[in-house]
Amino acid sequence: VNKCDLVKDVRQAALARVVYDKLRFLSYCPVIFTVATAGRGVMRTLGKVRQVYRQSLKKIPTPAINDLLQEALRHYPPPLVRPGRRTATGNRQRGRNAAPGRRSKRLKVFYATQTGTAPPKFRLFVNRAELATPNYLAYLTNRIRASLPFPGSPILLDLRDRT
């Protein structure tokens with residue numbers, strides 16, 4: 001947060017809460033207060049950038065990732081989803097793939113491995129990737145973030161149908 005010297009009578013903790021409230025999609029990023037024209041906080045920002053980058057280069061062993069995901073799946077199983085093709089807009093397509101009476105299915109994660117760093121990327125081999133809901137992917141990402149050392153770095157999940 002630059003130009004924080006212009007905000008009078010506000011504590012940095014309260015200002016950080018406002019930043020996190022407005023930028024919820026960046027809740028995993030650290031907030032640093034700076035006054036760039038005076039040079040205050042710039043070195044602290046660069047130090048934090050280095051720290052986040054070093055952490056984003058970490059490679060997590062495959063068994064650790066799989067243990068973590070299996071625990072997450074046991075704690076909160078994936079929701080039942082009625083499979084069917086979706087259009088580019090995300091709406092269900094009418095026709096035989098969306099016919100009433102099709103049975104609901106549940107996402108199954110068979111195996112996971114880390115396939116990239118900076119940012120960390122994990123490939124999950126699943127029964128059907130279309131069964132993964134955005135909310136459930138966010139849950140898995142948050143469980144990974146809570147257990148593994150990736151502060152300030154996005155975590156990418158790549159779902160692949162097992163063939």
# chains A, B, ... in the order shown; residues from 1 in each chain; ligands from 1
call {"tool": "residues_around", "arguments": {"residues": "Tyr136 in chain A", "least_positions_apart": "2", "cutoff": "10 Å", "atoms": "only C-alpha atoms", "output": "ChimeraX atom specification"}}
result
/A:73,76-79,107,131-134,138-142
call {"tool": "write_last_selection", "arguments": {"atoms": "N, CA, C and O atoms", "output": "compact mmCIF listing (two decimals), in the first residue's frame"}}
result
# COMPACT_ATOMS: atom_id res chain seq x y z
N LEU A 73 -10.09 -34.53 1.34
CA LEU A 73 -11.25 -35.22 0.76
C LEU A 73 -12.06 -35.94 1.84
O LEU A 73 -13.29 -35.99 1.76
N TYR A 76 -13.95 -33.13 3.99
CA TYR A 76 -15.05 -32.47 3.28
C TYR A 76 -15.13 -33.06 1.88
O TYR A 76 -14.43 -32.62 0.98
N PRO A 77 -15.94 -34.11 1.69
CA PRO A 77 -16.01 -34.77 0.38
C PRO A 77 -16.55 -33.83 -0.70
O PRO A 77 -17.32 -32.91 -0.41
N PRO A 78 -16.19 -34.09 -1.95
CA PRO A 78 -16.70 -33.27 -3.05
C PRO A 78 -18.22 -33.40 -3.16
O PRO A 78 -18.78 -34.45 -2.81
N PRO A 79 -18.89 -32.36 -3.64
CA PRO A 79 -20.35 -32.43 -3.78
C PRO A 79 -20.75 -33.33 -4.95
O PRO A 79 -19.97 -33.58 -5.86
N LEU A 107 -16.74 -36.05 -7.76
CA LEU A 107 -15.35 -35.95 -8.16
C LEU A 107 -14.52 -36.91 -7.32
O LEU A 107 -14.68 -37.00 -6.11
N LEU A 131 -16.58 -32.47 -13.05
CA LEU A 131 -17.30 -32.60 -11.78
C LEU A 131 -16.74 -31.68 -10.70
O LEU A 131 -17.32 -31.58 -9.62
N ALA A 132 -15.64 -31.03 -10.97
CA ALA A 132 -15.02 -30.13 -9.99
C ALA A 132 -15.74 -28.79 -10.01
O ALA A 132 -15.77 -28.10 -11.03
N THR A 133 -16.31 -28.42 -8.89
CA THR A 133 -16.98 -27.11 -8.79
C THR A 133 -15.96 -26.06 -8.38
O THR A 133 -14.96 -26.37 -7.71
N PRO A 134 -16.17 -24.80 -8.76
CA PRO A 134 -15.23 -23.74 -8.35
C PRO A 134 -15.07 -23.65 -6.84
O PRO A 134 -13.96 -23.45 -6.34
N ALA A 138 -11.57 -24.13 -4.74
CA ALA A 138 -11.11 -23.12 -3.78
C ALA A 138 -10.82 -23.76 -2.43
O ALA A 138 -9.82 -23.42 -1.78
N TYR A 139 -11.66 -24.70 -2.01
CA TYR A 139 -11.44 -25.41 -0.75
C TYR A 139 -10.11 -26.16 -0.80
O TYR A 139 -9.30 -26.07 0.13
N LEU A 140 -9.87 -26.91 -1.89
CA LEU A 140 -8.61 -27.66 -2.00
C LEU A 140 -7.40 -26.73 -2.00
O LEU A 140 -6.39 -26.99 -1.36
N THR A 141 -7.52 -25.62 -2.73
CA THR A 141 -6.43 -24.64 -2.77
C THR A 141 -6.15 -24.09 -1.38
O THR A 141 -4.99 -23.96 -0.97
N ASN A 142 -7.20 -23.77 -0.64
CA ASN A 142 -7.02 -23.24 0.72
C ASN A 142 -6.41 -24.27 1.66
O ASN A 142 -5.61 -23.92 2.53
call {"tool": "select_by_dssp", "arguments": {"residues": "chain A", "states": "alpha helix (DSSP H)", "output": "VMD selection string"}}
result
chain A and resid 12 to 22 42 to 56 62 to 75 134 to 147
call {"tool": "residues_around", "arguments": {"residues": "Arg143 in chain A", "least_positions_apart": "6", "cutoff": "12 Å", "atoms": "only C-alpha atoms", "output": "VMD selection string"}}
result
chain A and resid 65 67 to 73 75 to 76 136 to 137 149 to 150 155
call {"tool": "write_last_selection", "arguments": {"atoms": "N, CA, C and O atoms", "output": "JSON list (two decimals), in the first residue's frame"}}
result
[["chain", "number", "residue", "atom", "x", "y", "z"],
["A", 65, "ILE", "N", 1.82, -34.35, -0.84],
["A", 65, "ILE", "CA", 0.67, -33.74, -1.50],
["A", 65, "ILE", "C", -0.52, -34.69, -1.46],
["A", 65, "ILE", "O", -1.65, -34.28, -1.15],
["A", 67, "ASP", "N", -1.12, -37.19, 0.62],
["A", 67, "ASP", "CA", -1.63, -37.33, 1.99],
["A", 67, "ASP", "C", -2.50, -36.14, 2.36],
["A", 67, "ASP", "O", -3.58, -36.29, 2.95],
["A", 68, "LEU", "N", -2.03, -34.94, 2.02],
["A", 68, "LEU", "CA", -2.78, -33.72, 2.31],
["A", 68, "LEU", "C", -4.13, -33.72, 1.61],
["A", 68, "LEU", "O", -5.17, -33.43, 2.21],
["A", 69, "LEU", "N", -4.15, -34.07, 0.32],
["A", 69, "LEU", "CA", -5.40, -34.06, -0.43],
["A", 69, "LEU", "C", -6.36, -35.16, 0.06],
["A", 69, "LEU", "O", -7.57, -34.93, 0.14],
["A", 70, "GLN", "N", -5.83, -36.33, 0.39],
["A", 70, "GLN", "CA", -6.71, -37.38, 0.89],
["A", 70, "GLN", "C", -7.36, -36.99, 2.21],
["A", 70, "GLN", "O", -8.54, -37.27, 2.45],
["A", 71, "GLU", "N", -6.61, -36.32, 3.07],
["A", 71, "GLU", "CA", -7.18, -35.82, 4.32],
["A", 71, "GLU", "C", -8.25, -34.77, 4.04],
["A", 71, "GLU", "O", -9.31, -34.75, 4.67],
["A", 72, "ALA", "N", -8.00, -33.87, 3.09],
["A", 72, "ALA", "CA", -8.98, -32.85, 2.72],
["A", 72, "ALA", "C", -10.25, -33.49, 2.16],
["A", 72, "ALA", "O", -11.37, -33.07, 2.48],
["A", 73, "LEU", "N", -10.09, -34.53, 1.34],
["A", 73, "LEU", "CA", -11.25, -35.22, 0.76],
["A", 73, "LEU", "C", -12.06, -35.94, 1.84],
["A", 73, "LEU", "O", -13.29, -35.99, 1.76],
["A", 75, "HIS", "N", -12.19, -35.05, 5.06],
["A", 75, "HIS", "CA", -12.78, -34.03, 5.92],
["A", 75, "HIS", "C", -14.02, -33.40, 5.29],
["A", 75, "HIS", "O", -15.01, -33.14, 5.97],
["A", 76, "TYR", "N", -13.95, -33.13, 3.99],
["A", 76, "TYR", "CA", -15.05, -32.47, 3.28],
["A", 76, "TYR", "C", -15.13, -33.06, 1.88],
["A", 76, "TYR", "O", -14.43, -32.62, 0.98],
["A", 136, "TYR", "N", -15.31, -26.07, -4.65],
["A", 136, "TYR", "CA", -14.51, -27.18, -4.14],
["A", 136, "TYR", "C", -13.04, -27.00, -4.49],
["A", 136, "TYR", "O", -12.16, -27.32, -3.70],
["A", 137, "LEU", "N", -12.76, -26.47, -5.68],
["A", 137, "LEU", "CA", -11.36, -26.18, -6.04],
["A", 137, "LEU", "C", -10.77, -25.13, -5.11],
["A", 137, "LEU", "O", -9.61, -25.22, -4.72],
["A", 149, "PRO", "N", 4.22, -24.30, 2.48],
["A", 149, "PRO", "CA", 4.85, -22.98, 2.61],
["A", 149, "PRO", "C", 4.81, -22.15, 1.33],
["A", 149, "PRO", "O", 5.82, -21.96, 0.67],
["A", 150, "PHE", "N", 3.63, -21.63, 0.97],
["A", 150, "PHE", "CA", 3.53, -20.79, -0.22],
["A", 150, "PHE", "C", 2.86, -19.45, 0.08],
["A", 150, "PHE", "O", 1.91, -19.06, -0.60],
["A", 155, "ILE", "N", -1.66, -20.49, -6.06],
["A", 155, "ILE", "CA", -1.52, -21.93, -6.21],
["A", 155, "ILE", "C", -2.44, -22.34, -7.36],
["A", 155, "ILE", "O", -3.63, -22.05, -7.34]]
call {"tool": "residues_around", "arguments": {"residues": "Arg160 in chain A", "least_positions_apart": "5", "cutoff": "12 Å", "atoms": "only C-alpha atoms", "output": "list of chain:residue names"}}
result
A:Leu107, A:Lys108, A:Val109, A:Phe110, A:Tyr111, A:Ala112, A:Thr113, A:Phe122, A:Arg123, A:Leu124, A:Phe125, A:Val126, A:Asn127, A:Arg128, A:Ala129, A:Glu130, A:Leu131, A:Ala132
call {"tool": "closest_residue", "arguments": {"among": "A:Leu159, A:Ala64, A:Leu80, A:Lys58", "to": "Thr117 in chain A", "atoms": "only C-alpha atoms"}}
result
A:Lys58
call {"tool": "closest_residue", "arguments": {"among": "A:Asn2, A:Gln55, A:Asn135, A:Thr62", "to": "Val42 in chain A", "atoms": "only C-alpha atoms"}}
result
A:Asn2
call {"tool": "select_by_dssp", "arguments": {"residues": "chain A", "states": "strand (DSSP E)", "output": "PyMOL selection string"}}
result
chain A and resi 80-81+105-106+109-116+121-126+156-161
call {"tool": "write_last_selection", "arguments": {"atoms": "C-alpha atoms", "output": "compact mmCIF listing (two decimals), in the first residue's frame"}}
result
# COMPACT_ATOMS: atom_id res chain seq x y z
CA LEU A 80 -22.55 -34.54 -6.01
CA VAL A 81 -22.78 -33.00 -9.48
CA LYS A 105 -21.55 -38.15 -9.76
CA ARG A 106 -18.84 -37.17 -7.32
CA VAL A 109 -9.04 -37.51 -6.93
CA PHE A 110 -6.82 -40.49 -7.67
CA TYR A 111 -3.39 -38.92 -7.56
CA ALA A 112 -1.67 -35.54 -7.40
CA THR A 113 1.81 -34.25 -8.08
CA GLN A 114 3.53 -30.89 -8.29
CA THR A 115 4.30 -30.02 -11.90
CA GLY A 116 5.65 -26.50 -11.61
CA LYS A 121 1.29 -25.82 -9.89
CA PHE A 122 -0.29 -29.13 -8.96
CA ARG A 123 -1.76 -31.66 -11.38
CA LEU A 124 -4.64 -33.71 -10.01
CA PHE A 125 -5.67 -36.86 -11.83
CA VAL A 126 -9.41 -37.24 -11.40
CA LEU A 156 -2.63 -23.41 -9.53
CA LEU A 157 -4.58 -26.65 -9.82
CA ASP A 158 -4.62 -28.50 -13.14
CA LEU A 159 -7.24 -31.26 -13.28
CA ARG A 160 -6.76 -34.10 -15.75
CA ASP A 161 -9.13 -36.90 -16.50
call {"tool": "residues_around", "arguments": {"residues": "Leu26 in chain A", "least_positions_apart": "4", "cutoff": "10 Å", "atoms": "only C-alpha atoms", "output": "JSON, numbers by chain"}}
result
{"A": [19, 20, 21, 22, 30, 31, 152, 153, 154]}
call {"tool": "write_last_selection", "arguments": {"atoms": "all heavy atoms", "output": "PDB file, in the first residue's frame"}}
result
ATOM      1  N   VAL A  19      -7.962  -3.372   3.068  1.00  0.00           N
ATOM      2  CA  VAL A  19      -7.331  -3.881   1.840  1.00  0.00           C
ATOM      3  C   VAL A  19      -7.756  -5.330   1.602  1.00  0.00           C
ATOM      4  O   VAL A  19      -8.164  -5.686   0.494  1.00  0.00           O
ATOM      5  CB  VAL A  19      -5.790  -3.763   1.926  1.00  0.00           C
ATOM      6  CG1 VAL A  19      -5.124  -4.517   0.793  1.00  0.00           C
ATOM      7  CG2 VAL A  19      -5.380  -2.299   1.911  1.00  0.00           C
ATOM      8  N   TYR A  20      -7.679  -6.164   2.625  1.00  0.00           N
ATOM      9  CA  TYR A  20      -8.069  -7.570   2.472  1.00  0.00           C
ATOM     10  C   TYR A  20      -9.560  -7.707   2.164  1.00  0.00           C
ATOM     11  O   TYR A  20      -9.981  -8.605   1.438  1.00  0.00           O
ATOM     12  CB  TYR A  20      -7.707  -8.384   3.709  1.00  0.00           C
ATOM     13  CG  TYR A  20      -6.238  -8.722   3.789  1.00  0.00           C
ATOM     14  CD1 TYR A  20      -5.496  -8.463   4.933  1.00  0.00           C
ATOM     15  CD2 TYR A  20      -5.586  -9.314   2.709  1.00  0.00           C
ATOM     16  CE1 TYR A  20      -4.151  -8.783   5.004  1.00  0.00           C
ATOM     17  CE2 TYR A  20      -4.245  -9.628   2.769  1.00  0.00           C
ATOM     18  CZ  TYR A  20      -3.533  -9.368   3.915  1.00  0.00           C
ATOM     19  OH  TYR A  20      -2.207  -9.684   3.976  1.00  0.00           O
ATOM     20  N   ASP A  21     -10.383  -6.802   2.717  1.00  0.00           N
ATOM     21  CA  ASP A  21     -11.815  -6.848   2.448  1.00  0.00           C
ATOM     22  C   ASP A  21     -12.112  -6.489   0.992  1.00  0.00           C
ATOM     23  O   ASP A  21     -12.942  -7.110   0.340  1.00  0.00           O
ATOM     24  CB  ASP A  21     -12.553  -5.898   3.393  1.00  0.00           C
ATOM     25  CG  ASP A  21     -14.053  -6.032   3.265  1.00  0.00           C
ATOM     26  OD1 ASP A  21     -14.545  -7.178   3.312  1.00  0.00           O
ATOM     27  OD2 ASP A  21     -14.734  -4.991   3.116  1.00  0.00           O
ATOM     28  N   LYS A  22     -11.419  -5.493   0.474  1.00  0.00           N
ATOM     29  CA  LYS A  22     -11.646  -5.052  -0.908  1.00  0.00           C
ATOM     30  C   LYS A  22     -11.003  -5.985  -1.929  1.00  0.00           C
ATOM     31  O   LYS A  22     -11.484  -6.086  -3.052  1.00  0.00           O
ATOM     32  CB  LYS A  22     -11.109  -3.628  -1.114  1.00  0.00           C
ATOM     33  CG  LYS A  22     -11.783  -2.578  -0.279  1.00  0.00           C
ATOM     34  CD  LYS A  22     -13.187  -2.348  -0.756  1.00  0.00           C
ATOM     35  CE  LYS A  22     -13.826  -1.221   0.039  1.00  0.00           C
ATOM     36  NZ  LYS A  22     -15.240  -1.100  -0.217  1.00  0.00           N
ATOM     37  N   PRO A  30       0.853 -10.792   1.314  1.00  0.00           N
ATOM     38  CA  PRO A  30       1.150  -9.901   2.439  1.00  0.00           C
ATOM     39  C   PRO A  30       0.866  -8.443   2.068  1.00  0.00           C
ATOM     40  O   PRO A  30       0.967  -8.061   0.901  1.00  0.00           O
ATOM     41  CB  PRO A  30       2.647 -10.111   2.671  1.00  0.00           C
ATOM     42  CG  PRO A  30       3.171 -10.619   1.381  1.00  0.00           C
ATOM     43  CD  PRO A  30       2.048 -11.353   0.712  1.00  0.00           C
ATOM     44  N   VAL A  31       0.493  -7.652   3.053  1.00  0.00           N
ATOM     45  CA  VAL A  31       0.275  -6.216   2.860  1.00  0.00           C
ATOM     46  C   VAL A  31       1.437  -5.488   3.506  1.00  0.00           C
ATOM     47  O   VAL A  31       1.741  -5.708   4.680  1.00  0.00           O
ATOM     48  CB  VAL A  31      -1.060  -5.754   3.479  1.00  0.00           C
ATOM     49  CG1 VAL A  31      -1.196  -4.245   3.419  1.00  0.00           C
ATOM     50  CG2 VAL A  31      -2.234  -6.405   2.768  1.00  0.00           C
ATOM     51  N   GLY A 152       1.898 -15.726  -0.138  1.00  0.00           N
ATOM     52  CA  GLY A 152       2.059 -14.674  -1.140  1.00  0.00           C
ATOM     53  C   GLY A 152       2.112 -15.159  -2.563  1.00  0.00           C
ATOM     54  O   GLY A 152       2.294 -14.364  -3.481  1.00  0.00           O
ATOM     55  N   SER A 153       1.954 -16.445  -2.791  1.00  0.00           N
ATOM     56  CA  SER A 153       2.047 -16.991  -4.137  1.00  0.00           C
ATOM     57  C   SER A 153       0.732 -17.667  -4.510  1.00  0.00           C
ATOM     58  O   SER A 153       0.167 -18.395  -3.693  1.00  0.00           O
ATOM     59  CB  SER A 153       3.193 -18.010  -4.188  1.00  0.00           C
ATOM     60  OG  SER A 153       3.356 -18.496  -5.480  1.00  0.00           O
ATOM     61  N   PRO A 154       0.250 -17.454  -5.724  1.00  0.00           N
ATOM     62  CA  PRO A 154      -0.956 -18.183  -6.131  1.00  0.00           C
ATOM     63  C   PRO A 154      -0.649 -19.670  -6.252  1.00  0.00           C
ATOM     64  O   PRO A 154       0.486 -20.053  -6.515  1.00  0.00           O
ATOM     65  CB  PRO A 154      -1.302 -17.574  -7.494  1.00  0.00           C
ATOM     66  CG  PRO A 154      -0.041 -16.988  -8.002  1.00  0.00           C
ATOM     67  CD  PRO A 154       0.765 -16.596  -6.795  1.00  0.00           C
TER      68      PRO A 154
END
call {"tool": "atom_distance", "arguments": {"atom1": "CA of Pro61 in chain A", "atom2": "CA of Leu148 in chain A"}}
result
11.0 Å
call {"tool": "atom_distance", "arguments": {"atom1": "CA of Pro83 in chain A", "atom2": "CA of Ser104 in chain A"}}
result
6.6 Å
call {"tool": "atom_distance", "arguments": {"atom1": "CA of Ile60 in chain A", "atom2": "CA of Thr163 in chain A"}}
result
24.6 Å
call {"tool": "closest_residue", "arguments": {"among": "A:Arg44, A:Pro119, A:Leu6, A:Gly39", "to": "Leu57 in chain A", "atoms": "only C-alpha atoms"}}
result
A:Pro119
call {"tool": "closest_residue", "arguments": {"among": "A:Arg50, A:Arg24, A:Arg17, A:Arg40", "to": "Asp5 in chain A", "atoms": "only C-alpha atoms"}}
result
A:Arg40
